[in-house]
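S.K.: First the structure, then my questions, so here it is.
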Number of protein chains: 2
Amino acid sequence: MEKIRVAICGYGNLGKGVEKGLSKSSDMELVAIFTKRDPNSLTINSNATVVNISEVDKWKDKVDVVIMCGGSATDLPEQVPAMASMFNTVDSFDTHARIPEYIEKVNEVATANNKVSIISIGWDPGLFSLFRLYANSILSSGSTYTFWGKGVSQGHSDAIRRIKGVKNAVQYTIPNPEAISRVRLGECPTLSTREKHTRECFVVAENEEDKTRIEKEIKEMPNYFDEYDTTVNFVSEEVLKSEHNKLPHGGFVIHSGNTGENKHVMEFSLKLDSNPEFTSSVLIAFARANYRLSQNKDYGAKTIFDIPPILLSPDSRNDLIKKYL
Amino acid sequence: MEKIRVAICGYGNLGKGVEKGLSKSSDMELVAIFTKRDPNSLTINSNATVVNISEVDKWKDKVDVVIMCGGSATDLPEQVPAMASMFNTVDSFDTHARIPEYIEKVNEVATANNKVSIISIGWDPGLFSLFRLYANSILSSGSTYTFWGKGVSQGHSDAIRRIKGVKNAVQYTIPNPEAISRVRLGECPTLSTREKHTRECFVVAENEEDKTRIEKEIKEMPNYFDEYDTTVNFVSEEVLKSEHNKLPHGGFVIHSGNTGENKHVMEFSLKLDSNPEFTSSVLIAFARANYRLSQNKDYGAKTIFDIPPILLSPDSRNDLIKKYL
């Protein structure tokens with residue numbers, strides 16, 4: 001069987017995760033890594049060819065799917081519509097509020113060029129979205145709760161690092177176990193932002209005397225921290241590097257519904273040692289689905305909702321029915 | 001919008017659950033209940049027409065989907081292939097080992113008659129199968145564990161009732177919390193049947209002096225109980241009827257995998273007050289998908305793996321993207 005030829009666009013944590021994951025996917029082959037940087041400056045962990053993003057048009061006929069590994073703030077909204085004119089793509093665009101305009105734009109390009117673009121893949125948006133859809137389709141009279149963590153929020157860690165006098169920082173989002181218990185019991189409680197999650201920060205300060213001000217600035221930061229109970233711990237750079245150097249994450253989606261007087265609780269949860277490596281694994285499975293959709297000429301922008309689950313596995317339908325049904 | 005016209009075939013616990021669920025599905029309408037019994041003998045909770053199963057051919061053009069609510073042992077293997085020549089069907093066939101031959105037979109009839117038959121829908125097989133497929137497609141290096149309960153096993157309750165001297169009985173399957181904890185920690189333990197579940201029985205005996213023999217017969221019953229730690233409690237008929245008159249169920253599917261040195265645990269669980277009513281809700285969502293597949297002329301026998309999740313909800317794609325992605 002011919003292998004699915006994959007390229008990675010963007011070689012950060014996520015791109016490295018995809019590279020690692022592909023090395024274990026026997027039906028796929030990593031052929032190229034596309035980068036904004038000077039290709040010679042990249043040290044990679046595979047035999048892929050490193051290509052500057054300005055030259056990717058030369059790879060049009062040599063790549064079946066490009067896994068887009070840039071950030072959602074600026075990379076993806078710009079790169080995906082450009083790539084979708086030449087390649088099938090899978091991305092993890094995660095700015096929930098902007099998804100409707102994003103999918104419309106990508107769909108236009110992909111459809112016009114007979115390409116498949118699967119957008120917003122990962123775990124949230126992604127698997128959590130999928131669970132929310134299944135749960136609400138089955139028990140429409142109910143409430144769905146999403147809790148994130150315990151895990152490192154890159155956005156919140158970055159926000160702390162931008163404070164004057166902060167040398168480095170890691171922020172953990174922690175779901176409130178009491179809130180989760182109440183939801184699990186089917187109570188359908190109304191929960192404030194503060195009741196759902198707490199935030200714990202590990203901060204390296206440049207100077208001892210800044211600590212009081214830094215702590216105050218963190219706790220009062222609008223949108224990021226002001227609506228949460230936040231704990232700030234000052235640590236040394238050594239402690240940060242040795243004890244907070246991983247990117248764990250996860251979360252819980254709980255749907256509590258009923259059929260008249262009978263209550264039913266559905267729950268989906270993830271506990272991940274490495275957020276980027278798990279997200280990579282999801283992207284790889286959907287790259288496989290992408291290839292198959294493209295073989296069926298089912299072009300355009302797709303979400304996780306549109307993809308028949310059978311397309312995700314390398315195994316045959318008969319085997320999957322025997323093994324998992 | 002025209003409503004989807006649904007019929008129920010079989011009016012037991014499951015059929016009644018579907019009837020109740022359809023009364024809350026604004027895009028669907030229950031038009032008929034098909035039964036093996038004398039239609040006049042049925043008291044139903046809706047305005048549907050009750051039809052003897054021998055006369056269903058007269059309903060061929062008046063029903064969009066038939067939800068098959070008979071048992072897997074004898075009803076479904078016989079009824080579904082017969083129905084699939086005239087109607088689109090959804091069923092909850094749950095004899096795992098016989099699914100491959102069953103789907104082949106149903107597919108032949110459905111394809112020849114331009115019908116859609118969705119088979120083995122519910123929660124296991126069904127939603128649990130789906131989770132096993134998603135989890136293994138994403139993290140192929142891992143182990144998947146399924147725990148059932150706490151819940152009433154109808155098969156085990158029936159097996160106890162067949163013992164001489166037993167007037168009535170209810171059996172609960174109980175997952176072992178310690179086993180679940182070990183799996184959640186990502187230990188990937190090898191677990192014996194005995195280590196995964198225990199069984200608790202509530203039995204009404206006809207005579208006091210039979211109790212010792214009944215308890216022994218239950219605990220030694222091959223396949224059903226001999227490989228489990230089983231507790232037998234003798235109770236009065238009154239206690240059984242007042243304290244064990246519900247059909248709760250549920251369970252946990254846990255997939256513990258890794259990306260190299262990083263471990264990831266994925267978990268899906270259900271806690272159901274009423275097994276038949278929840279299963280009904282799943283069947284109804286897939287009846288909606290069935291109707292849409294049939295509109296697209298995508299005929300044949302389908303499993304839960306083949307169905308794009310978007311087909312399950314009555315809402316528009318744009319709304320679903322906004323609400324759940």
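Quick note on naming: the chains in the structure tokens go A, B, ... in the order shown, residues restart at 1 in each chain, and ligands are numbered from 1 in order of appearance.
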Find the residues around Lys211 of chain B up to 10 Å (only C-alpha atoms counted), leave out those fewer than 3 positions away in its own chain, and share them as a list in words.

M.R.: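 Final neighbour list, sorted by chain and number: Gly165, Val166, Val203, Val204, Ala205, Glu206, Asn207, Glu208, Ile214, Glu215, Lys216, Glu217, Val232, Asn233 and Phe234 of chain B.
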
S.K.: Can you pull out every residue within 10 Å of segment 127-131 of chain B, counting only C-alpha atoms, but drop anything in the same chain fewer than 5 positions away, and send it as a ChimeraX atom specification?

M.R.: /A:131,134-135,268,309-310,320-321,323-325 /B:120-122,136-137,144,146,251-255,266-270,279,282,303-305

S.K.: Using only C-alpha atoms, determine which residues lie at most 7 Å from Phe34 of chain A, disregarding the query and same-chain residues fewer than 4 positions distant; provide the list as a count of residues only.

M.R.: 7

S.K.: Can you pull out every residue from segment 58-192 of chain B that DSSP, working from the backbone, puts in alpha helix (DSSP H), and format the result as a PyMOL selection string?

M.R.: chain B and resi 75-83+99-112+127-138+154-161+177-184

S.K.: Report the distance between atom CA of Asn88 of chain A and atom CA of Ile307 of chain B in Å, rounded to one decimal place.

M.R.: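 Interatomic distance, atom CA of Asn88 of chain A to atom CA of Ile307 of chain B: 22.4 Å.
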
S.K.: Enter the distance from atom CA of Thr111 of chain A to atom CA of Asp61 of chain A, in Å, rounded to one decimal.

M.R.: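 Between atom CA of Thr111 of chain A and atom CA of Asp61 of chain A the gap works out to 17.8 Å.
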
S.K.: Considering only strand (DSSP E or B) as DSSP defines it on the backbone, what residues of segment 21-268 of chain B qualify? List them as a ChimeraX atom specification.

M.R.: /B:28-35,49-52,65-68,88-90,116-118,123,126,142-148,151-152,166-175,197-205,229-234,249-259,262-268

S.K.: What's the 8 Å shell around segment 70-82 of chain A, counting only C-alpha atoms, without same-chain residues fewer than 5 positions away, as a ChimeraX atom specification?

M.R.: /A:9-12,14,89,91-95,102,105-106,109-110

S.K.: Just write the chosen residues, all heavy atoms, as a tab-separated table (two decimals), in the first residue's frame.

M.R.:
```
chain	number	residue	atom	x	y	z
A	9	CYS	N	3.54	22.03	8.61
A	9	CYS	CA	3.82	23.46	8.42
A	9	CYS	C	3.94	24.12	9.78
A	9	CYS	O	2.94	24.29	10.48
A	9	CYS	CB	2.73	24.10	7.58
A	9	CYS	SG	3.08	25.83	7.22
A	10	GLY	N	5.17	24.48	10.16
A	10	GLY	CA	5.40	25.09	11.47
A	10	GLY	C	6.08	24.10	12.39
A	10	GLY	O	5.54	23.03	12.66
A	11	TYR	N	7.29	24.44	12.87
A	11	TYR	CA	8.05	23.46	13.62
A	11	TYR	C	8.28	23.92	15.06
A	11	TYR	O	9.41	24.12	15.51
A	11	TYR	CB	9.38	23.17	12.90
A	11	TYR	CG	10.08	21.92	13.37
A	11	TYR	CD1	9.51	20.68	13.14
A	11	TYR	CD2	11.31	21.98	14.04
A	11	TYR	CE1	10.14	19.52	13.58
A	11	TYR	CE2	11.95	20.82	14.48
A	11	TYR	CZ	11.35	19.60	14.25
A	11	TYR	OH	11.97	18.45	14.69
A	12	GLY	N	7.18	24.11	15.80
A	12	GLY	CA	7.26	24.39	17.24
A	12	GLY	C	6.93	23.12	18.00
A	12	GLY	O	7.14	22.01	17.51
A	14	LEU	N	4.06	21.77	18.60
A	14	LEU	CA	3.06	20.96	17.92
A	14	LEU	C	3.66	20.25	16.71
A	14	LEU	O	3.47	19.04	16.52
A	14	LEU	CB	1.89	21.86	17.50
A	14	LEU	CG	0.62	21.18	17.03
A	14	LEU	CD1	0.07	20.25	18.11
A	14	LEU	CD2	-0.44	22.22	16.64
A	89	THR	N	-5.44	20.27	3.88
A	89	THR	CA	-4.87	20.69	5.17
A	89	THR	C	-5.69	20.18	6.35
A	89	THR	O	-6.88	19.91	6.23
A	89	THR	CB	-4.82	22.24	5.29
A	89	THR	OG1	-6.15	22.74	5.28
A	89	THR	CG2	-4.02	22.88	4.17
A	91	ASP	N	-5.91	21.53	10.51
A	91	ASP	CA	-5.36	22.51	11.45
A	91	ASP	C	-6.06	22.43	12.80
A	91	ASP	O	-7.06	21.74	12.95
A	91	ASP	CB	-5.44	23.93	10.88
A	91	ASP	CG	-6.86	24.48	10.82
A	91	ASP	OD1	-7.54	24.55	11.87
A	91	ASP	OD2	-7.32	24.85	9.72
A	92	SER	N	-5.50	23.16	13.78
A	92	SER	CA	-6.05	23.16	15.13
A	92	SER	C	-6.49	24.56	15.53
A	92	SER	O	-6.34	24.96	16.68
A	92	SER	CB	-5.01	22.62	16.11
A	92	SER	OG	-3.86	23.46	16.08
A	93	PHE	N	-7.04	25.31	14.59
A	93	PHE	CA	-7.49	26.67	14.86
A	93	PHE	C	-8.43	26.68	16.07
A	93	PHE	O	-9.47	26.02	16.06
A	93	PHE	CB	-8.21	27.24	13.64
A	93	PHE	CG	-8.64	28.68	13.79
A	93	PHE	CD1	-7.70	29.70	13.76
A	93	PHE	CD2	-9.97	29.02	13.97
A	93	PHE	CE1	-8.09	31.03	13.90
A	93	PHE	CE2	-10.37	30.34	14.12
A	93	PHE	CZ	-9.42	31.35	14.08
A	94	ASP	N	-8.06	27.41	17.13
A	94	ASP	CA	-8.83	27.25	18.37
A	94	ASP	C	-9.44	28.53	18.92
A	94	ASP	O	-9.83	28.59	20.09
A	94	ASP	CB	-7.98	26.55	19.43
A	94	ASP	CG	-6.82	27.40	19.91
A	94	ASP	OD1	-6.65	28.53	19.42
A	94	ASP	OD2	-6.06	26.92	20.78
A	95	THR	N	-9.54	29.56	18.11
A	95	THR	CA	-10.22	30.77	18.58
A	95	THR	C	-11.72	30.59	18.31
A	95	THR	O	-12.22	30.94	17.24
A	95	THR	CB	-9.67	32.03	17.85
A	95	THR	OG1	-8.25	31.95	17.81
A	95	THR	CG2	-10.11	33.30	18.56
A	102	TYR	N	-13.79	31.99	9.86
A	102	TYR	CA	-12.62	31.24	9.41
A	102	TYR	C	-13.02	30.10	8.47
A	102	TYR	O	-12.47	29.93	7.38
A	102	TYR	CB	-11.89	30.69	10.64
A	102	TYR	CG	-10.67	29.85	10.37
A	102	TYR	CD1	-9.48	30.44	9.92
A	102	TYR	CD2	-10.68	28.48	10.59
A	102	TYR	CE1	-8.36	29.67	9.69
A	102	TYR	CE2	-9.56	27.70	10.37
A	102	TYR	CZ	-8.39	28.31	9.92
A	102	TYR	OH	-7.28	27.55	9.69
A	105	LYS	N	-14.08	31.27	4.99
A	105	LYS	CA	-12.95	31.69	4.16
A	105	LYS	C	-12.18	30.47	3.62
A	105	LYS	O	-11.86	30.38	2.44
A	105	LYS	CB	-12.03	32.56	5.01
A	105	LYS	CG	-11.03	33.38	4.23
A	105	LYS	CD	-10.36	34.41	5.13
A	105	LYS	CE	-9.15	35.03	4.44
A	105	LYS	NZ	-8.32	35.80	5.38
A	106	VAL	N	-11.91	29.51	4.52
A	106	VAL	CA	-11.15	28.32	4.11
A	106	VAL	C	-11.97	27.50	3.12
A	106	VAL	O	-11.45	26.98	2.13
A	106	VAL	CB	-10.76	27.47	5.34
A	106	VAL	CG1	-10.08	26.18	4.92
A	106	VAL	CG2	-9.86	28.26	6.28
A	109	VAL	N	-11.74	28.76	-0.53
A	109	VAL	CA	-10.49	28.42	-1.22
A	109	VAL	C	-10.42	26.93	-1.51
A	109	VAL	O	-10.10	26.52	-2.63
A	109	VAL	CB	-9.27	28.83	-0.36
A	109	VAL	CG1	-7.97	28.50	-1.09
A	109	VAL	CG2	-9.32	30.30	-0.01
A	110	ALA	N	-10.73	26.10	-0.51
A	110	ALA	CA	-10.61	24.65	-0.68
A	110	ALA	C	-11.55	24.15	-1.78
A	110	ALA	O	-11.15	23.36	-2.65
A	110	ALA	CB	-10.90	23.94	0.64
```

S.K.: Which residue is closest to Ile103 of chain A? Choose from B:Asp210, B:Val239, B:Asn318, B:Asp124 and count only C-alpha atoms.

M.R.: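 When distances to Ile103 of chain A are compared using only C-alpha atoms, the smallest one comes from B:Asn318.
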
S.K.: To one decimal in Å, tell me the separation between atom CA of Val183 of chain A and atom CA of Gly149 of chain B.

M.R.: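 Computing it gives 19.4 Å between the two atoms.
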
S.K.: So which residues touch His244 of chain B within 12 Å, counting only C-alpha atoms, skipping near sequence neighbours fewer than 6 positions away, as a PyMOL selection string?

M.R.: chain B and resi 151-152+157+168-172+200-204+235-238
